[in-house]
Amino acid sequence: MKVLVLGSGGREHALVWKLSQDKSVTDLYCLPGSDAISAIAHTIPGDPSDPRTVLAACQDTGADLVVVGPEAPLFAGVTDALREKGVAVFGPSRAAAAIEGSKAFAKDFMARHCIRTARYGVFRDYAGAAGFIRTLGGRAVVKASGPALGKGVVVADDEKTALEAAEAMLVKEAFGAAGQEIVVEERLEGEEVSFLVITDGDRVLPLLAAQDHKRIGDGDTGPNTGGMGAICPLPWWTPARQEQVIERIIKPALAGLKAEGRPYSGVLYAGLMITADGPAVLEFNARFGDPETQPLLRLLDANLGELFYQVAQARLETNTLAWYKGAAAGIVLAAAGYPGEYRRGDVIEGLAEAARVPGVTIFHAGTRRAGDRWLTNGGRVLNVVARGRDLPSALASAYRACELIRWPGMQYRRDIGRRALSF
Ligand code: AMP
Ligand code: GLY
């Protein structure tokens, strides 16, 4: 089977890496891929969100299956264009991906289908938003409704911060078009979980519960990022909790999407807050999480190409997924300045030594090769992933590898997994 992966980040590096181990995958392509991905797949230049570019790549390569990594191609209708031409594709339609693409749609959808989520209002005017923020007593989360790469979210501790965020988005247009409409939510308290399922719209194959670390700083401080590290499985997660999430959240979401004429297939990512009153949805994503995918795929014991092909053909026959025993942890190494303006072009040292730490696999999120050197070329630069017999040992290996890597201004969190281990 010839497989074409869309995307270029750490998640896509991990997807390509895992697909390259599936014997049924004979040829592996990635559009546009990256210098690191080009070591294990043929890379094809171009915009993965342009349907014509992707269709042309399918024709050139004879791809039997297209796997969509990031959300942008979904929102641009690439999966629809491929299906129209009879190409098997792993990823939801544009209509189904609205569950991620429009926070306003997602919140209204959850209300319609009785899926628990934070109380919210959708606003285009500052006065309305400010009024709602005041009723929440300042315990508010202010989000740009459109896609803003996980950064258009301000979790406020007080009224002033929330009002300023609403003003920045609606009046000062800090997020451009993405922030012309905002969602203001009640701030939920609890433990965050990334719960992902592979689905053909009817059948559901859960992945291990994972946890991301969204803030830039240790102890969950500082601004939100795309994610600074992830672990799986989550030590305190239970089968009973999982059943509850599937019954109350995943199944109603899939049934609701189908009933509304937006049948879903691909991977559905539920970002959950486990509150004192049970699970609530913070967000749905229509794709694999980044950086959760990197440790998840490190533990998955399955032929990914075959699994994706089943989903693409709407006949998911695999009943359960097998996992390597133990745990995996992924630490994100970020560039100086991230999540703000960050620097590019710094020389990365110590990569080869780090890769030799037992159990460690390094995925590249934002790098570029210059001769025999690797340079930083993104905000999140590397994902240092380790597998171990348990979470502490996976973390110890991952951090040992991180300590061997350096470039000017490199930053990473030193406390990935610590919160999960404290329960
Ligand atoms: P989102 O992009 O909607 O997932 O928001 C990014 C991050 O903001 C989430 O991963 C949470 O850490 C935090 N967050 C979002 N919504 C809420 C909420 N209603 N209550 C508490 N934290 C939230
Ligand atoms: N890890 C957060 C996300 O992929 O949206």
# chains A, B, ... in the order shown; residues from 1 in each chain; ligands from 1
>>> residues_near_ligand(ligand="ligand 1", cutoff="8 Å", atoms="only C-alpha atoms and all ligand atoms", output="PyMOL selection string")
chain A and resi 103+117-119+140-143+150-155+185-189+192+212-215+224+271+273+282-284
>>> write_last_selection(atoms="N, CA and C atoms", output="mmCIF file, in the first residue's frame")
data_model
loop_
_atom_site.group_PDB
_atom_site.id
_atom_site.type_symbol
_atom_site.label_atom_id
_atom_site.label_comp_id
_atom_site.auth_asym_id
_atom_site.auth_seq_id
_atom_site.Cartn_x
_atom_site.Cartn_y
_atom_site.Cartn_z
ATOM 1 N N LYS A 103 -15.253 27.059 17.256
ATOM 2 C CA LYS A 103 -15.582 26.824 18.662
ATOM 3 C C LYS A 103 -17.050 27.133 18.916
ATOM 4 N N THR A 117 -20.267 20.596 28.972
ATOM 5 C CA THR A 117 -19.178 21.524 28.659
ATOM 6 C C THR A 117 -19.371 22.772 29.505
ATOM 7 N N ALA A 118 -18.365 23.614 29.562
ATOM 8 C CA ALA A 118 -18.474 24.816 30.393
ATOM 9 C C ALA A 118 -19.575 25.740 29.859
ATOM 10 N N ARG A 119 -20.253 26.440 30.778
ATOM 11 C CA ARG A 119 -21.232 27.458 30.360
ATOM 12 C C ARG A 119 -20.534 28.483 29.499
ATOM 13 N N ALA A 140 -13.094 33.255 34.116
ATOM 14 C CA ALA A 140 -13.517 33.096 32.729
ATOM 15 C C ALA A 140 -12.359 32.653 31.848
ATOM 16 N N VAL A 141 -12.723 32.003 30.743
ATOM 17 C CA VAL A 141 -11.750 31.657 29.710
ATOM 18 C C VAL A 141 -12.231 32.334 28.436
ATOM 19 N N VAL A 142 -11.338 33.071 27.803
ATOM 20 C CA VAL A 142 -11.709 33.838 26.610
ATOM 21 C C VAL A 142 -10.995 33.219 25.407
ATOM 22 N N LYS A 143 -11.770 32.843 24.396
ATOM 23 C CA LYS A 143 -11.192 32.114 23.259
ATOM 24 C C LYS A 143 -11.588 32.754 21.937
ATOM 25 N N GLY A 150 -4.038 26.972 18.852
ATOM 26 C CA GLY A 150 -4.009 26.685 20.286
ATOM 27 C C GLY A 150 -3.586 27.868 21.135
ATOM 28 N N LYS A 151 -3.358 29.002 20.496
ATOM 29 C CA LYS A 151 -2.841 30.119 21.288
ATOM 30 C C LYS A 151 -3.878 31.206 21.537
ATOM 31 N N GLY A 152 -5.023 31.122 20.864
ATOM 32 C CA GLY A 152 -6.030 32.163 21.036
ATOM 33 C C GLY A 152 -6.914 31.929 22.242
ATOM 34 N N VAL A 153 -6.312 31.490 23.350
ATOM 35 C CA VAL A 153 -7.082 31.175 24.547
ATOM 36 C C VAL A 153 -6.441 31.842 25.756
ATOM 37 N N VAL A 154 -7.243 32.582 26.505
ATOM 38 C CA VAL A 154 -6.723 33.179 27.731
ATOM 39 C C VAL A 154 -7.531 32.648 28.916
ATOM 40 N N VAL A 155 -6.849 31.951 29.816
ATOM 41 C CA VAL A 155 -7.484 31.425 31.026
ATOM 42 C C VAL A 155 -7.239 32.456 32.122
ATOM 43 N N GLU A 185 -16.116 31.447 28.336
ATOM 44 C CA GLU A 185 -16.587 30.280 29.077
ATOM 45 C C GLU A 185 -16.345 30.437 30.561
ATOM 46 N N GLU A 186 -17.145 29.727 31.318
ATOM 47 C CA GLU A 186 -16.873 29.586 32.740
ATOM 48 C C GLU A 186 -15.590 28.761 32.867
ATOM 49 N N ARG A 187 -14.745 29.112 33.799
ATOM 50 C CA ARG A 187 -13.495 28.367 33.980
ATOM 51 C C ARG A 187 -13.736 27.124 34.831
ATOM 52 N N LEU A 188 -13.460 25.958 34.257
ATOM 53 C CA LEU A 188 -13.660 24.695 34.979
ATOM 54 C C LEU A 188 -12.406 24.330 35.752
ATOM 55 N N GLU A 189 -12.610 23.655 36.875
ATOM 56 C CA GLU A 189 -11.474 23.213 37.696
ATOM 57 C C GLU A 189 -11.418 21.696 37.677
ATOM 58 N N GLU A 192 -7.003 17.785 33.504
ATOM 59 C CA GLU A 192 -7.185 17.739 32.062
ATOM 60 C C GLU A 192 -6.710 16.413 31.477
ATOM 61 N N ASP A 212 -1.534 16.330 28.192
ATOM 62 C CA ASP A 212 -0.648 17.353 27.622
ATOM 63 C C ASP A 212 -0.321 18.358 28.727
ATOM 64 N N HIS A 213 0.594 19.229 28.483
ATOM 65 C CA HIS A 213 0.959 20.298 29.421
ATOM 66 C C HIS A 213 0.969 21.578 28.614
ATOM 67 N N LYS A 214 -0.108 22.366 28.754
ATOM 68 C CA LYS A 214 -0.345 23.454 27.808
ATOM 69 C C LYS A 214 0.452 24.725 28.081
ATOM 70 N N ARG A 215 0.733 24.976 29.369
ATOM 71 C CA ARG A 215 1.404 26.245 29.678
ATOM 72 C C ARG A 215 2.900 26.138 29.422
ATOM 73 N N ASN A 224 -0.431 30.016 27.441
ATOM 74 C CA ASN A 224 -0.724 28.760 26.764
ATOM 75 C C ASN A 224 0.157 28.592 25.539
ATOM 76 N N GLY A 271 -10.736 16.894 24.356
ATOM 77 C CA GLY A 271 -9.959 17.535 25.421
ATOM 78 C C GLY A 271 -10.899 17.679 26.605
ATOM 79 N N MET A 273 -11.975 18.034 30.831
ATOM 80 C CA MET A 273 -11.656 18.428 32.191
ATOM 81 C C MET A 273 -12.438 17.472 33.089
ATOM 82 N N LEU A 282 -13.620 20.339 27.119
ATOM 83 C CA LEU A 282 -13.035 21.660 26.882
ATOM 84 C C LEU A 282 -13.039 21.967 25.395
ATOM 85 N N GLU A 283 -12.679 20.966 24.611
ATOM 86 C CA GLU A 283 -12.672 21.152 23.157
ATOM 87 C C GLU A 283 -12.647 19.793 22.497
ATOM 88 N N PHE A 284 -13.131 19.777 21.258
ATOM 89 C CA PHE A 284 -12.918 18.625 20.390
ATOM 90 C C PHE A 284 -11.905 19.027 19.338
#
>>> residues_near_ligand(ligand="ligand 2", cutoff="10 Å", atoms="only C-alpha atoms and all ligand atoms", output="compact mmCIF listing (two decimals) with N, CA, C and O atoms, in the first residue's frame")
# COMPACT_ATOMS: atom_id res chain seq x y z
N ARG A 11 4.20 15.68 15.15
CA ARG A 11 3.13 14.67 15.06
C ARG A 11 3.26 13.88 13.76
O ARG A 11 3.17 12.65 13.74
N PRO A 70 -2.41 17.59 10.26
CA PRO A 70 -2.91 18.82 10.91
C PRO A 70 -4.36 19.14 10.53
O PRO A 70 -4.95 18.49 9.66
N GLU A 71 -4.90 20.15 11.19
CA GLU A 71 -6.30 20.50 10.97
C GLU A 71 -6.53 21.33 9.71
O GLU A 71 -7.61 21.26 9.11
N GLU A 100 -14.01 21.05 15.46
CA GLU A 100 -12.79 21.74 15.90
C GLU A 100 -12.70 23.15 15.31
O GLU A 100 -12.28 24.08 15.99
N LEU A 149 -4.16 28.18 16.30
CA LEU A 149 -3.04 27.31 16.66
C LEU A 149 -2.91 27.10 18.16
O LEU A 149 -1.81 27.03 18.69
N GLY A 150 -4.04 26.97 18.85
CA GLY A 150 -4.01 26.69 20.29
C GLY A 150 -3.59 27.87 21.13
O GLY A 150 -3.46 27.75 22.34
N LYS A 151 -3.36 29.00 20.50
CA LYS A 151 -2.84 30.12 21.29
C LYS A 151 -3.88 31.21 21.54
O LYS A 151 -3.63 32.11 22.31
N SER A 194 -6.42 14.22 27.61
CA SER A 194 -6.61 14.13 26.16
C SER A 194 -7.06 12.72 25.86
O SER A 194 -6.28 11.78 26.02
N ALA A 210 -4.20 10.27 27.64
CA ALA A 210 -2.92 11.01 27.65
C ALA A 210 -3.13 12.34 28.36
O ALA A 210 -4.26 12.78 28.58
N GLN A 211 -2.02 12.96 28.70
CA GLN A 211 -2.11 14.30 29.28
C GLN A 211 -1.06 15.19 28.66
O GLN A 211 0.11 14.84 28.58
N ASP A 212 -1.53 16.33 28.19
CA ASP A 212 -0.65 17.35 27.62
C ASP A 212 -0.32 18.36 28.73
O ASP A 212 -0.91 18.31 29.81
N HIS A 213 0.59 19.23 28.48
CA HIS A 213 0.96 20.30 29.42
C HIS A 213 0.97 21.58 28.61
O HIS A 213 1.90 21.83 27.86
N LYS A 214 -0.11 22.37 28.75
CA LYS A 214 -0.34 23.45 27.81
C LYS A 214 0.45 24.73 28.08
O LYS A 214 0.79 25.46 27.17
N THR A 225 0.47 27.33 25.23
CA THR A 225 1.27 27.01 24.05
C THR A 225 0.52 25.97 23.25
O THR A 225 -0.58 25.58 23.61
N GLY A 226 1.13 25.48 22.20
CA GLY A 226 0.57 24.34 21.47
C GLY A 226 0.65 23.05 22.27
O GLY A 226 0.03 22.05 21.93
N GLY A 227 1.44 23.04 23.35
CA GLY A 227 1.63 21.84 24.18
C GLY A 227 3.12 21.61 24.40
O GLY A 227 3.88 21.59 23.45
N MET A 228 3.53 21.45 25.65
CA MET A 228 4.96 21.39 25.99
C MET A 228 5.45 20.01 26.38
O MET A 228 6.62 19.83 26.71
N GLY A 229 4.55 19.03 26.36
CA GLY A 229 4.97 17.69 26.71
C GLY A 229 3.76 16.85 27.00
O GLY A 229 2.70 17.39 27.34
N ALA A 230 3.88 15.55 26.84
CA ALA A 230 2.72 14.68 27.05
C ALA A 230 3.16 13.34 27.59
O ALA A 230 4.29 12.90 27.36
N TYR A 269 -10.57 13.72 18.94
CA TYR A 269 -9.80 14.07 20.14
C TYR A 269 -10.71 14.86 21.05
O TYR A 269 -11.18 15.94 20.67
N ALA A 270 -10.99 14.30 22.22
CA ALA A 270 -11.77 15.04 23.21
C ALA A 270 -10.81 15.58 24.26
O ALA A 270 -10.12 14.81 24.93
N GLY A 271 -10.74 16.89 24.36
CA GLY A 271 -9.96 17.53 25.42
C GLY A 271 -10.90 17.68 26.60
O GLY A 271 -11.88 18.42 26.53
N GLU A 283 -12.68 20.97 24.61
CA GLU A 283 -12.67 21.15 23.16
C GLU A 283 -12.65 19.79 22.50
O GLU A 283 -12.22 18.80 23.08
N PHE A 284 -13.13 19.78 21.26
CA PHE A 284 -12.92 18.62 20.39
C PHE A 284 -11.90 19.03 19.34
O PHE A 284 -11.92 20.17 18.85
N ASN A 285 -11.04 18.09 18.96
CA ASN A 285 -10.20 18.29 17.80
C ASN A 285 -10.48 17.18 16.80
O ASN A 285 -10.82 16.06 17.19
N ALA A 286 -10.30 17.49 15.54
CA ALA A 286 -10.66 16.56 14.47
C ALA A 286 -9.44 15.82 13.94
O ALA A 286 -9.44 15.33 12.82
N ARG A 287 -8.41 15.71 14.75
CA ARG A 287 -7.10 15.21 14.32
C ARG A 287 -6.36 14.68 15.54
O ARG A 287 -6.83 14.81 16.66
N PHE A 288 -5.20 14.11 15.29
CA PHE A 288 -4.34 13.68 16.40
C PHE A 288 -3.81 14.90 17.15
O PHE A 288 -3.55 15.94 16.55
N GLY A 289 -3.61 14.72 18.45
CA GLY A 289 -3.03 15.80 19.25
C GLY A 289 -1.52 15.87 19.04
O GLY A 289 -0.87 14.87 18.79
N ASP A 290 -1.00 17.05 19.15
CA ASP A 290 0.43 17.27 19.07
C ASP A 290 0.79 18.05 20.34
O ASP A 290 0.33 19.18 20.48
N PRO A 291 1.47 17.52 21.30
CA PRO A 291 2.42 16.39 21.26
C PRO A 291 1.93 15.05 21.81
O PRO A 291 2.76 14.17 22.02
N GLU A 292 0.63 14.82 22.02
CA GLU A 292 0.19 13.54 22.58
C GLU A 292 0.52 12.36 21.67
O GLU A 292 0.81 11.25 22.13
N THR A 293 0.39 12.59 20.35
CA THR A 293 0.58 11.50 19.39
C THR A 293 1.96 10.85 19.50
O THR A 293 2.10 9.65 19.29
>>> residues_around(residues="Asp158 in chain A", least_positions_apart="6", cutoff="10 Å", atoms="only C-alpha atoms", output="PDB file with C-alpha atoms, in the first residue's frame")
ATOM      1  CA  ILE A 133     -17.483  37.978  31.996  1.00  0.00           C
ATOM      2  CA  ARG A 134     -18.839  39.993  34.921  1.00  0.00           C
ATOM      3  CA  LEU A 136     -18.821  34.752  35.825  1.00  0.00           C
ATOM      4  CA  GLY A 137     -17.066  36.789  38.498  1.00  0.00           C
ATOM      5  CA  GLY A 138     -13.899  36.905  36.441  1.00  0.00           C
ATOM      6  CA  ARG A 139     -13.392  33.098  36.494  1.00  0.00           C
ATOM      7  CA  ALA A 140     -13.517  33.096  32.729  1.00  0.00           C
TER       8      ALA A 140
END
>>> select_by_dssp(residues="range 139-176 of chain A", states="helix (DSSP H, G or I)", output="list in words")
Glu159, Lys160, Thr161, Ala162, Leu163, Glu164, Ala165, Ala166, Glu167, Ala168, Met169, Leu170 and Gly176 of chain A
>>> write_last_selection(atoms="C-alpha atoms", output="compact mmCIF listing (two decimals), in the first residue's frame")
# COMPACT_ATOMS: atom_id res chain seq x y z
CA GLU A 159 -12.02 39.93 35.81
CA LYS A 160 -9.45 42.44 34.58
CA THR A 161 -7.43 39.82 32.68
CA ALA A 162 -10.58 38.39 31.09
CA LEU A 163 -11.84 41.82 30.02
CA GLU A 164 -8.47 42.72 28.54
CA ALA A 165 -8.38 39.48 26.55
CA ALA A 166 -11.86 40.11 25.15
CA GLU A 167 -10.87 43.64 24.23
CA ALA A 168 -7.65 42.48 22.55
CA MET A 169 -9.55 40.01 20.37
CA LEU A 170 -12.71 41.96 19.55
CA GLY A 176 -7.19 38.88 13.12
>>> residues_around(residues="range 294-300 of chain A", least_positions_apart="2", cutoff="6 Å", atoms="only C-alpha atoms", output="ChimeraX atom specification")
/A:14,291-292,302,323-324,328-330
>>> closest_residue(among="A:Met110, A:Leu208, A:Ala41, A:Leu15", to="Leu234 in chain A", atoms="only C-alpha atoms")
A:Leu208
>>> select_by_dssp(residues="range 171-237 of chain A", states="strand (DSSP E)", output="number ranges by chain")
A: 182-186, 191-199, 204-206, 211-212, 215-217, 221-224, 229-232
>>> write_last_selection(atoms="C-alpha atoms", output="CSV table (one decimal), in the first residue's frame")
chain,number,residue,atom,x,y,z
A,182,ILE,CA,-15.1,35.0,20.7
A,183,VAL,CA,-16.3,32.4,23.1
A,184,VAL,CA,-16.3,33.2,26.7
A,185,GLU,CA,-16.6,30.3,29.1
A,186,GLU,CA,-16.9,29.6,32.7
A,191,GLU,CA,-7.7,17.4,35.8
A,192,GLU,CA,-7.2,17.7,32.1
A,193,VAL,CA,-7.1,14.6,29.9
A,194,SER,CA,-6.6,14.1,26.2
A,195,PHE,CA,-8.9,11.3,25.2
A,196,LEU,CA,-8.6,10.2,21.6
A,197,VAL,CA,-10.5,7.6,19.7
A,198,ILE,CA,-10.1,6.1,16.2
A,199,THR,CA,-13.5,5.9,14.6
A,204,VAL,CA,-14.9,3.4,18.5
A,205,LEU,CA,-11.3,2.3,19.3
A,206,PRO,CA,-10.0,4.3,22.3
A,211,GLN,CA,-2.1,14.3,29.3
A,212,ASP,CA,-0.6,17.4,27.6
A,215,ARG,CA,1.4,26.2,29.7
A,216,ILE,CA,4.9,27.3,28.9
A,217,GLY,CA,6.2,27.3,32.5
A,221,THR,CA,2.3,28.9,34.7
A,222,GLY,CA,2.7,31.5,32.0
A,223,PRO,CA,0.9,31.6,28.6
A,224,ASN,CA,-0.7,28.8,26.8
A,229,GLY,CA,5.0,17.7,26.7
A,230,ALA,CA,2.7,14.7,27.0
A,231,ILE,CA,2.5,11.4,28.9
A,232,CYS,CA,0.5,8.2,28.5
>>> atom_distance(atom1="CA of Ala81 in chain A", atom2="CA of Ala255 in chain A")
24.0 Å
>>> closest_residue(among="A:Gly326, A:Gly10, A:Pro48, A:Gly219", to="Ala36 in chain A", atoms="only C-alpha atoms")
A:Gly10
>>> decode(residues="range 91-102 of chain A", atoms="all heavy atoms", output="short mmCIF file (atom, residue, chain, number, x, y, z; two decimals), in the first residue's frame")
data_model
loop_
_atom_site.label_atom_id
_atom_site.label_comp_id
_atom_site.auth_asym_id
_atom_site.auth_seq_id
_atom_site.Cartn_x
_atom_site.Cartn_y
_atom_site.Cartn_z
N GLY A 91 -9.32 10.91 7.79
CA GLY A 91 -9.55 12.28 8.24
C GLY A 91 -10.99 12.64 7.94
O GLY A 91 -11.54 12.19 6.93
N PRO A 92 -11.63 13.42 8.81
CA PRO A 92 -13.04 13.75 8.62
C PRO A 92 -13.26 14.76 7.50
O PRO A 92 -12.34 15.46 7.08
CB PRO A 92 -13.43 14.35 9.97
CG PRO A 92 -12.17 14.91 10.52
CD PRO A 92 -11.07 14.01 10.04
N SER A 93 -14.50 14.84 7.05
CA SER A 93 -14.92 15.84 6.06
C SER A 93 -14.80 17.23 6.67
O SER A 93 -14.71 17.39 7.89
CB SER A 93 -16.37 15.60 5.67
OG SER A 93 -17.20 15.85 6.80
N ARG A 94 -14.86 18.23 5.80
CA ARG A 94 -14.84 19.60 6.31
C ARG A 94 -16.02 19.84 7.25
O ARG A 94 -15.88 20.47 8.30
CB ARG A 94 -14.88 20.60 5.15
CG ARG A 94 -15.12 22.01 5.66
CD ARG A 94 -14.71 23.10 4.73
NE ARG A 94 -15.17 22.94 3.38
CZ ARG A 94 -14.79 23.72 2.36
NH1 ARG A 94 -13.95 24.70 2.59
NH2 ARG A 94 -15.23 23.51 1.16
N ALA A 95 -17.19 19.33 6.87
CA ALA A 95 -18.38 19.56 7.70
C ALA A 95 -18.20 18.95 9.09
O ALA A 95 -18.57 19.56 10.10
CB ALA A 95 -19.61 18.98 7.01
N ALA A 96 -17.63 17.74 9.15
CA ALA A 96 -17.45 17.09 10.45
C ALA A 96 -16.34 17.77 11.25
O ALA A 96 -16.40 17.85 12.48
CB ALA A 96 -17.14 15.61 10.25
N ALA A 97 -15.32 18.28 10.55
CA ALA A 97 -14.19 18.92 11.24
C ALA A 97 -14.57 20.26 11.86
O ALA A 97 -13.80 20.84 12.63
CB ALA A 97 -13.01 19.10 10.28
N ALA A 98 -15.78 20.75 11.56
CA ALA A 98 -16.24 21.99 12.20
C ALA A 98 -16.30 21.84 13.71
O ALA A 98 -16.28 22.83 14.44
CB ALA A 98 -17.61 22.39 11.65
N ILE A 99 -16.33 20.61 14.18
CA ILE A 99 -16.33 20.39 15.63
C ILE A 99 -15.06 20.94 16.26
O ILE A 99 -15.01 21.28 17.43
CB ILE A 99 -16.55 18.89 15.95
CG1 ILE A 99 -16.97 18.74 17.40
CG2 ILE A 99 -15.33 18.05 15.62
CD1 ILE A 99 -17.77 17.54 17.70
N GLU A 100 -14.01 21.05 15.46
CA GLU A 100 -12.79 21.74 15.90
C GLU A 100 -12.70 23.15 15.31
O GLU A 100 -12.28 24.08 15.99
CB GLU A 100 -11.53 20.97 15.49
CG GLU A 100 -10.27 21.81 15.70
CD GLU A 100 -8.96 21.06 15.52
OE1 GLU A 100 -8.98 19.88 15.14
OE2 GLU A 100 -7.91 21.69 15.76
N GLY A 101 -13.08 23.29 14.06
CA GLY A 101 -12.82 24.53 13.31
C GLY A 101 -13.56 25.74 13.81
O GLY A 101 -13.07 26.86 13.70
N SER A 102 -14.74 25.52 14.35
CA SER A 102 -15.50 26.65 14.89
C SER A 102 -15.87 26.32 16.33
O SER A 102 -16.69 25.44 16.60
CB SER A 102 -16.77 26.88 14.07
OG SER A 102 -17.66 27.69 14.82
#
